[in-house]
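Beneath this line is the structure, given in C-alpha cells, with notes to follow.
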Amino acid sequence: MSALIDLRDPSSFPSRREEVWKYTDVRRLLREAPPPSPAGDAAPGGPFASLGGEEVAVVNGRGADRIVVTGEATRRLRFVSTSDGTGHQATVAIEVAPGASLLLLESHEGQAAGYVANARLTITLGEGAICTRLVLGEDAADALSFVRTEVALAPGATFHQTTVTTGAKLQRFETHVRHPGQGASVQLDGLYALTGERHADLTSVVTHAGRDGLTSQLTKGSVRDTARGVFQGKIVVERGADGTDARMGHHALILSERGEVDAKPELIIYADEVQCAHGNTIGALDEQALFYLQSRGLPADEARALLTQAFLMEVVDRIDHEGTREVVRAWPTERL
C-alpha cells in the first residue's frame with residue numbers, strides 16, 4: 001500500500017524512489033509543509049448543480065467529515081480550494097447501508113492559485129448496496145492535488161466509479177478497492193485530457209479476496225503540449241478467489257512531440273479458475289482519418305479535436321446515469 005501523505009509532515013512526501021510514486025514525484029515540488037489554508041467560503045453550485053441532490057461542501061479542508069446513506073440518495077460532494085499558496089487536507093467517511101443506493105457526484109474545484117490539496121475518502125458499502133461515484137478534477141494549473149480513496153464492499157454490493165480530469169501541476173487520484181467476491185461488482189473507469197504542462201496520475205489497486213467477483217476497468221486519455229499522463233492499475237486475485245472475472249484496459253493518445261504517457265497495468269493472480277486480462281495501447285491520431293475529415297472541409301484543429309473526443313467518449317458512454325453522463329460528456333468536450 002502506498003504512502004499516506006500528511007501535509008504537516010514533510011517526511012511523508014513520497015519521491016520517485018518509491019515504486020508506486022516513480023512517475024509522480026511529490027518531493028521534487030514539495031519539500032516543506034505548506035502554510036495552512038484559512039477558512040474559506042464557496043458559493044453553492046459546482047459542475048453537478050443541475051442534477052440536484054444535497055450539496056456537501058468541503059472548503060479549504062473544512063466541512064463535513066461523514067456521509068451516511070440509508071435509502072436512495074444523491075450527494076454533491078465538493079472539495080473547493082480558495083486560498084493562494086497554502087495547503088489543506090480533509091478526510092471524509094462515506095457509509096452506504098445494506099440495500100441502499102448512493103449517487104455520489106464529486107468535484108475538486110480550484111478557485112485559487114498555487115495551493116496544495118490533500119483529500120482522503122473511505123467508502124463502505126453494505127450488503128447489496130450500490131454506489132455510483134462520478135469524480136471531476138478541475139484543479140488550477142499550478143496546484144498540487146492528491147486524492148486517495150479506500151473502498152470496502154460487502155457481498156452483493158456494486159461500486160461504479162468514473163474519474164474525469166484535466167490535471168494540475170501535479171495531481172493524483174488513487175483508489176484502493178477491497179473486493180469480497182460473492183456477487184459483488186466493481187467498475188473503475190477514468191478519463192484524462194491534458195494540455196500545457198499539466199500532470200494527472202490515475203492509480204488503482206483492486207484486491208479480489210473471495211470467489212465469483214467481477215471487475216471491469218477502462219481508462220482513456222490524451223496529452224498535448226508537454227503534458228504527462230500516468231496510469232497505474234493493479235488487480236490482485238488472492239488464493240481462493242476462484243471464479244473471478246477481472247478485465248483492465250488503458251488506451252492513450254499523444255498529440256504532440258513532447259507529450260508523455262506512462263502506463264503500468266498489472267495482474268497478480270494466485271487463484272486457478274479465473275478469467276483475467278489487461279490491455280494497453282499508446283499512439284497518435286490516425287493520419288488517414290485526419291486527412292478524410294480535412295478533405296470534407298474541417299480545419300485541422302477541429303478535425304483533431306473531433307477524433308480525440310470520439311476516442312475518449314467510450315469511457316463516458318459507460319456511465320449508467322443519463323443526466324450525469326450528459327454533464328460529464330460536455331465537460332471534456334468544452335476543453336478539447
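Identifiers for the C-alpha cells are assigned positionally: chains receive A, B, ... in sequence, residues are indexed from 1 per chain, and ligands are indexed from 1 in the order shown.
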Requested in this report: Would you please give, as a PyMOL selection string, all residues of range 208-251 of chain A that DSSP assigns to strand (DSSP E or B) based on the backbone?
Outcome: chain A and resi 208+214-223+228-237+245-251
Report task. Can you pull out every residue within 7 Å of range 156-162 of chain A, counting only C-alpha atoms, but drop anything in the same chain fewer than 4 positions away, and send it as a PyMOL selection string? Result -> chain A and resi 125-135+182-190
Keeping only N, CA, C and O atoms, take the residues you just selected and write them out as a PDB file, in the first residue's frame.
ATOM      1  N   LEU A 125     -19.556  -0.008   1.668  1.00  0.00           N
ATOM      2  CA  LEU A 125     -20.834  -0.435   1.109  1.00  0.00           C
ATOM      3  C   LEU A 125     -21.318  -1.689   1.835  1.00  0.00           C
ATOM      4  O   LEU A 125     -20.595  -2.690   1.907  1.00  0.00           O
ATOM      5  N   GLY A 126     -22.553  -1.621   2.337  1.00  0.00           N
ATOM      6  CA  GLY A 126     -23.157  -2.780   2.975  1.00  0.00           C
ATOM      7  C   GLY A 126     -23.630  -3.803   1.946  1.00  0.00           C
ATOM      8  O   GLY A 126     -23.576  -3.577   0.734  1.00  0.00           O
ATOM      9  N   GLU A 127     -24.121  -4.916   2.435  1.00  0.00           N
ATOM     10  CA  GLU A 127     -24.538  -5.996   1.543  1.00  0.00           C
ATOM     11  C   GLU A 127     -25.651  -5.527   0.598  1.00  0.00           C
ATOM     12  O   GLU A 127     -26.645  -4.945   1.029  1.00  0.00           O
ATOM     13  N   GLY A 128     -25.443  -5.740  -0.691  1.00  0.00           N
ATOM     14  CA  GLY A 128     -26.440  -5.355  -1.689  1.00  0.00           C
ATOM     15  C   GLY A 128     -26.511  -3.861  -1.968  1.00  0.00           C
ATOM     16  O   GLY A 128     -27.357  -3.410  -2.747  1.00  0.00           O
ATOM     17  N   ALA A 129     -25.643  -3.068  -1.377  1.00  0.00           N
ATOM     18  CA  ALA A 129     -25.665  -1.616  -1.584  1.00  0.00           C
ATOM     19  C   ALA A 129     -25.091  -1.262  -2.951  1.00  0.00           C
ATOM     20  O   ALA A 129     -24.330  -2.026  -3.555  1.00  0.00           O
ATOM     21  N   ILE A 130     -25.456  -0.062  -3.421  1.00  0.00           N
ATOM     22  CA  ILE A 130     -24.987   0.430  -4.719  1.00  0.00           C
ATOM     23  C   ILE A 130     -24.413   1.833  -4.524  1.00  0.00           C
ATOM     24  O   ILE A 130     -25.051   2.696  -3.921  1.00  0.00           O
ATOM     25  N   CYS A 131     -23.242   2.066  -5.059  1.00  0.00           N
ATOM     26  CA  CYS A 131     -22.654   3.407  -5.057  1.00  0.00           C
ATOM     27  C   CYS A 131     -22.119   3.701  -6.453  1.00  0.00           C
ATOM     28  O   CYS A 131     -21.270   2.969  -6.978  1.00  0.00           O
ATOM     29  N   THR A 132     -22.648   4.760  -7.061  1.00  0.00           N
ATOM     30  CA  THR A 132     -22.130   5.257  -8.337  1.00  0.00           C
ATOM     31  C   THR A 132     -21.415   6.568  -8.055  1.00  0.00           C
ATOM     32  O   THR A 132     -22.031   7.532  -7.597  1.00  0.00           O
ATOM     33  N   ARG A 133     -20.120   6.598  -8.303  1.00  0.00           N
ATOM     34  CA  ARG A 133     -19.293   7.769  -7.973  1.00  0.00           C
ATOM     35  C   ARG A 133     -18.724   8.382  -9.247  1.00  0.00           C
ATOM     36  O   ARG A 133     -18.019   7.724 -10.013  1.00  0.00           O
ATOM     37  N   LEU A 134     -19.050   9.656  -9.468  1.00  0.00           N
ATOM     38  CA  LEU A 134     -18.509  10.410 -10.593  1.00  0.00           C
ATOM     39  C   LEU A 134     -17.601  11.496 -10.040  1.00  0.00           C
ATOM     40  O   LEU A 134     -18.026  12.281  -9.196  1.00  0.00           O
ATOM     41  N   VAL A 135     -16.363  11.547 -10.500  1.00  0.00           N
ATOM     42  CA  VAL A 135     -15.378  12.487  -9.977  1.00  0.00           C
ATOM     43  C   VAL A 135     -14.890  13.380 -11.108  1.00  0.00           C
ATOM     44  O   VAL A 135     -14.408  12.892 -12.131  1.00  0.00           O
ATOM     45  N   GLN A 182     -18.239 -12.929  -4.132  1.00  0.00           N
ATOM     46  CA  GLN A 182     -19.585 -13.272  -3.659  1.00  0.00           C
ATOM     47  C   GLN A 182     -20.666 -12.396  -4.313  1.00  0.00           C
ATOM     48  O   GLN A 182     -21.542 -11.851  -3.643  1.00  0.00           O
ATOM     49  N   GLY A 183     -20.538 -12.229  -5.634  1.00  0.00           N
ATOM     50  CA  GLY A 183     -21.550 -11.478  -6.369  1.00  0.00           C
ATOM     51  C   GLY A 183     -21.345  -9.977  -6.378  1.00  0.00           C
ATOM     52  O   GLY A 183     -22.140  -9.255  -6.991  1.00  0.00           O
ATOM     53  N   ALA A 184     -20.325  -9.471  -5.731  1.00  0.00           N
ATOM     54  CA  ALA A 184     -20.051  -8.034  -5.764  1.00  0.00           C
ATOM     55  C   ALA A 184     -19.460  -7.646  -7.117  1.00  0.00           C
ATOM     56  O   ALA A 184     -18.808  -8.454  -7.789  1.00  0.00           O
ATOM     57  N   SER A 185     -19.698  -6.385  -7.522  1.00  0.00           N
ATOM     58  CA  SER A 185     -19.280  -5.927  -8.841  1.00  0.00           C
ATOM     59  C   SER A 185     -18.617  -4.561  -8.735  1.00  0.00           C
ATOM     60  O   SER A 185     -19.096  -3.678  -8.018  1.00  0.00           O
ATOM     61  N   VAL A 186     -17.504  -4.382  -9.469  1.00  0.00           N
ATOM     62  CA  VAL A 186     -16.761  -3.117  -9.482  1.00  0.00           C
ATOM     63  C   VAL A 186     -16.520  -2.690 -10.925  1.00  0.00           C
ATOM     64  O   VAL A 186     -16.096  -3.501 -11.759  1.00  0.00           O
ATOM     65  N   GLN A 187     -16.818  -1.432 -11.209  1.00  0.00           N
ATOM     66  CA  GLN A 187     -16.444  -0.814 -12.484  1.00  0.00           C
ATOM     67  C   GLN A 187     -15.631   0.427 -12.155  1.00  0.00           C
ATOM     68  O   GLN A 187     -16.094   1.307 -11.444  1.00  0.00           O
ATOM     69  N   LEU A 188     -14.416   0.495 -12.683  1.00  0.00           N
ATOM     70  CA  LEU A 188     -13.474   1.532 -12.278  1.00  0.00           C
ATOM     71  C   LEU A 188     -12.905   2.171 -13.537  1.00  0.00           C
ATOM     72  O   LEU A 188     -11.991   1.633 -14.154  1.00  0.00           O
ATOM     73  N   ASP A 189     -13.457   3.317 -13.925  1.00  0.00           N
ATOM     74  CA  ASP A 189     -13.098   3.933 -15.195  1.00  0.00           C
ATOM     75  C   ASP A 189     -12.425   5.282 -14.983  1.00  0.00           C
ATOM     76  O   ASP A 189     -12.587   5.921 -13.934  1.00  0.00           O
ATOM     77  N   GLY A 190     -11.698   5.749 -16.000  1.00  0.00           N
ATOM     78  CA  GLY A 190     -11.033   7.043 -15.902  1.00  0.00           C
ATOM     79  C   GLY A 190     -10.848   7.677 -17.267  1.00  0.00           C
ATOM     80  O   GLY A 190     -10.782   6.990 -18.296  1.00  0.00           O
TER      81      GLY A 190
END
Query - Leu105 in chain A environment, 12 Å, only C-alpha atoms, sequence neighbours closer than 5 positions dropped, as a PyMOL selection string - result: chain A and resi 45-57+73-79+131-137+160-164+321+323-325+327-328
Report task. Could you jot down the CA of Tyr115 in chain A to CA of Ala42 in chain A separation for me, Å, one decimal place? Result ->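 If I compute the distance from CA of Tyr115 in chain A to CA of Ala42 in chain A, I get 15.7 Å.
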**Report entry** Residues near Lys234 in chain A, cut-off 12 Å, only C-alpha atoms, skip fewer than 5 positions along chain, as a ChimeraX atom specification
**Finding:** /A:1,20,174-177,188,202-208,215,217,246-250,263-269,276-278
Would you export the selected residues with C-alpha atoms as a JSON list (two decimals), in the first residue's frame, please?
[["chain", "number", "residue", "atom", "x", "y", "z"],
["A", 1, "MET", "CA", 0.00, 0.00, 0.00],
["A", 20, "VAL", "CA", 4.26, 3.44, -6.82],
["A", 174, "GLU", "CA", -5.61, 6.95, -6.11],
["A", 175, "THR", "CA", -8.25, 4.27, -5.48],
["A", 176, "HIS", "CA", -7.91, 1.09, -3.42],
["A", 177, "VAL", "CA", -10.77, -1.41, -3.54],
["A", 188, "LEU", "CA", -13.47, 1.53, -12.28],
["A", 202, "LEU", "CA", -4.71, 7.66, -12.09],
["A", 203, "THR", "CA", -3.57, 4.84, -9.82],
["A", 204, "SER", "CA", -5.71, 1.97, -8.57],
["A", 205, "VAL", "CA", -5.47, -1.36, -6.78],
["A", 206, "VAL", "CA", -8.36, -3.83, -6.74],
["A", 207, "THR", "CA", -7.89, -6.85, -4.48],
["A", 208, "HIS", "CA", -10.21, -9.81, -5.04],
["A", 215, "THR", "CA", -14.18, -6.09, -12.05],
["A", 217, "GLN", "CA", -11.81, -1.19, -15.75],
["A", 246, "ALA", "CA", -11.39, -9.11, -13.98],
["A", 247, "ARG", "CA", -10.54, -7.07, -17.07],
["A", 248, "MET", "CA", -8.50, -3.88, -17.38],
["A", 249, "GLY", "CA", -7.76, -1.63, -20.33],
["A", 250, "HIS", "CA", -5.78, 1.60, -20.75],
["A", 263, "ALA", "CA", 1.37, 3.19, -18.15],
["A", 264, "LYS", "CA", 1.81, 0.25, -15.81],
["A", 265, "PRO", "CA", -1.06, -2.28, -15.88],
["A", 266, "GLU", "CA", -0.59, -5.30, -13.62],
["A", 267, "LEU", "CA", -2.38, -8.58, -12.92],
["A", 268, "ILE", "CA", -1.25, -10.62, -9.92],
["A", 269, "ILE", "CA", -3.11, -13.94, -9.76],
["A", 276, "CYS", "CA", -8.47, -12.10, -16.23],
["A", 277, "ALA", "CA", -7.00, -9.88, -18.94],
["A", 278, "HIS", "CA", -5.40, -6.49, -19.42]]
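Nearest-residue note for Ser222 in chain A: choosing from A:Glu238, A:Glu322, A:Asp272, A:Glu260, the minimum distance belongs to A:Glu260, counting only C-alpha atoms.
In this structure, CA of Ser83 in chain A sits 26.7 Å away from CA of Trp21 in chain A.
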Report task. Might you pull out every residue within 8 Å of range 12-15 of chain A, with only C-alpha atoms counted and same-chain residues fewer than 2 positions away left off, and present them as a PyMOL selection string? Result -> chain A and resi 3-7+9-10+17-18+21-22+24-28+30-31
Query raised in the report: CA of Arg178 in chain A to CA of Ala209 in chain A: how many Å, to one decimal?
Result: 7.3 Å
Report task. Could you give me, as a list in words, each residue of range 26-251 of chain A that DSSP assigns to alpha helix (DSSP H) when run on this structure's backbone? Result ->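 Checking each residue of range 26-251 of chain A, the alpha helix (DSSP H) ones are Val26, Arg27, Arg28 and Leu29 of chain A.
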Query - Polymer residues at most 9 Å from range 303-315 of chain A, only C-alpha atoms, same-chain spacing of 4 or more positions, as an MDAnalysis selection string - result: chainID A and resid 162 189:193 218:222 252:253 255 285:286 289:291 293:294 298:299 319 329 332:333 336
